[in-house]
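Right, one structure below, let's go through it.
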Amino acid sequence: MFTGIVTEVGRVARCEQTDRGRRLMIEAPGTTEDLEVGDSVAVNGICLTAVAVEPPGFHMEAVAETLSRTNLGEAGEGSSVNLERPVRLGGRLDGHVVQGHVDGVGVVLDVRAEGDSRRVALSVPEALERYLVYKGSVAVDGVALTVTAVTGRAFEVALIPHTLASTTLGSWKVGDKANIEVDILAKYVEKLLVIRT
């Protein structure tokens with residue numbers, strides 16, 4: 001389980017096609033500090049497994065399923081990625097509950113400056129529209145955010161200067177794709193309501 005609080009921005013140092021998908025080597029000295037093979041790392045909000053650790057980086061593999069449902073297939077050598085290690089039992093939950101299970105890929109529709117901050121509008125696939133709630137939680141490229149407006153399949157988030165500086169979201173431009181994970185609590189509530197009817 002993750003919280004959507006990015007701890008480091010890593011850099012894709014190598015990217016290789018394999019018969020199963022892609023193998024990426026990500027340079028991230030802070031993340032690899034006590035990382036072991038088999039540990040989980042959220043990469044742009046995708047829960048992946050470290051298959052090799054070679055400080056200052058680690059290797060992970062993405063299978064076809066992951067590549068088809070996320071924006072990871074577009075990451076190439078030199079790309080920056082948001083990284084987060086799982087929350088420790090008894091640790092702080094500073095963001096919200098994030099599983100690292102991407103529900104779909106959104107597209108950046110608009111980026112507007114608001115002083116030192118920015119307001120960003122994104123679209124989501126039709127199947128995710130019902131989970132977008134004003135002032136609700138959403139994880140975008142692994143970053144825990146609050147929904148500030150909803151209009152159909154589009155929603156907005158407000159990005160503070162710290163988020164812009166310490167994640168990849170500061171480089172967003174119109175047309176960029178972003179991994180979207182909706183609030184897991186909303187999905188459980190929906191399932192319970194379906195069961196009861």
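As shown in the structure tokens, the chain order sets the letters A, B, ...; within each chain, residues go from 1, and ligands are also counted from 1 in the order they appear.
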Skipping near chain neighbours, those fewer than 6 positions away, what residues fall within 6 Å of stretch 2-19 of chain A using only C-alpha atoms, listed as a list in words?
->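 Result of the neighbour search: Met25, Ile26, Glu27, Ala28, Glu77, Gly78, Ser79, Ser80, Val81, Asn82, Leu83, Glu84, Pro86, Val87, Gly95, His96, Val97, Val98, Gln99, Gly142, Val143 and Ala144 of chain A.
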Please run DSSP on the backbone and report, as a ChimeraX atom specification, all residues within stretch 2-71 of chain A that come out as alpha helix (DSSP H).
-> /A:64-69
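Using only C-alpha atoms, the smallest distance between any of A:Lys191, A:Arg85, A:Lys173, A:Arg69 and A:Pro125 comes from A:Arg69.
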Tell me which protein, DNA and RNA residues are within 10 Å of A:Glu114, counting only C-alpha atoms, leaving out same-chain ones fewer than 4 positions away, and put them as a list in words.
->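 Answer for this query is Arg118, Arg119, Ala158, Leu159 and Ile160 of chain A.
Nearest residue to A:Thr70, choosing from A:Glu126, A:Asp116, A:Glu36, A:Asp103 and counting only C-alpha atoms: A:Asp103.
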Shell of 9 Å around A:Ile180, only C-alpha atoms, local chain residues under 5 positions omitted, as a tab-separated table (two decimals) with N, CA, C and O atoms, in the first residue's frame:
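The file below, part_37.tsv, is the result:
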chain	number	residue	atom	x	y	z
A	45	GLY	N	2.95	5.72	-10.03
A	45	GLY	CA	1.71	5.20	-9.47
A	45	GLY	C	1.43	3.75	-9.77
A	45	GLY	O	0.38	3.23	-9.44
A	70	THR	N	-1.30	1.60	-18.80
A	70	THR	CA	-0.65	2.72	-18.14
A	70	THR	C	0.13	3.55	-19.16
A	70	THR	O	0.19	3.19	-20.33
A	101	HIS	N	-2.53	0.34	-8.27
A	101	HIS	CA	-3.26	-0.38	-9.32
A	101	HIS	C	-3.95	0.67	-10.20
A	101	HIS	O	-5.03	1.17	-9.86
A	102	VAL	N	-3.34	1.00	-11.30
A	102	VAL	CA	-3.84	2.06	-12.18
A	102	VAL	C	-5.16	1.64	-12.81
A	102	VAL	O	-5.29	0.55	-13.34
A	103	ASP	N	-6.15	2.55	-12.74
A	103	ASP	CA	-7.48	2.27	-13.30
A	103	ASP	C	-7.61	2.69	-14.75
A	103	ASP	O	-8.47	2.19	-15.46
A	104	GLY	N	-6.79	3.61	-15.18
A	104	GLY	CA	-6.87	4.08	-16.56
A	104	GLY	C	-5.88	5.21	-16.79
A	104	GLY	O	-5.22	5.68	-15.87
A	105	VAL	N	-5.79	5.65	-18.04
A	105	VAL	CA	-4.88	6.73	-18.41
A	105	VAL	C	-5.69	7.96	-18.77
A	105	VAL	O	-6.63	7.88	-19.58
A	106	GLY	N	-5.37	9.07	-18.14
A	106	GLY	CA	-6.01	10.34	-18.44
A	106	GLY	C	-5.13	11.17	-19.35
A	106	GLY	O	-3.96	10.84	-19.58
A	124	VAL	N	-10.63	11.64	-18.24
A	124	VAL	CA	-10.46	10.24	-17.86
A	124	VAL	C	-11.31	9.36	-18.77
A	124	VAL	O	-12.26	9.85	-19.39
A	128	LEU	N	-14.36	5.67	-15.64
A	128	LEU	CA	-13.89	6.25	-14.37
A	128	LEU	C	-14.66	7.50	-13.95
A	128	LEU	O	-14.51	7.98	-12.83
A	138	VAL	N	-7.83	11.40	-5.58
A	138	VAL	CA	-7.42	10.75	-6.81
A	138	VAL	C	-5.89	10.70	-6.81
A	138	VAL	O	-5.24	11.61	-6.28
A	139	ALA	N	-5.33	9.64	-7.35
A	139	ALA	CA	-3.87	9.57	-7.52
A	139	ALA	C	-3.57	9.73	-9.00
A	139	ALA	O	-4.15	9.03	-9.84
A	140	VAL	N	-2.70	10.67	-9.33
A	140	VAL	CA	-2.35	10.97	-10.71
A	140	VAL	C	-0.84	10.81	-10.86
A	140	VAL	O	-0.08	11.52	-10.20
A	141	ASP	N	-0.42	9.86	-11.69
A	141	ASP	CA	0.99	9.50	-11.81
A	141	ASP	C	1.61	9.23	-10.44
A	141	ASP	O	2.76	9.57	-10.18
A	142	GLY	N	0.80	8.65	-9.56
A	142	GLY	CA	1.28	8.26	-8.23
A	142	GLY	C	1.24	9.35	-7.19
A	142	GLY	O	1.66	9.14	-6.06
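The spacing separating atom CA of A:Thr163 from atom CA of A:Val189 amounts to 29.7 Å.
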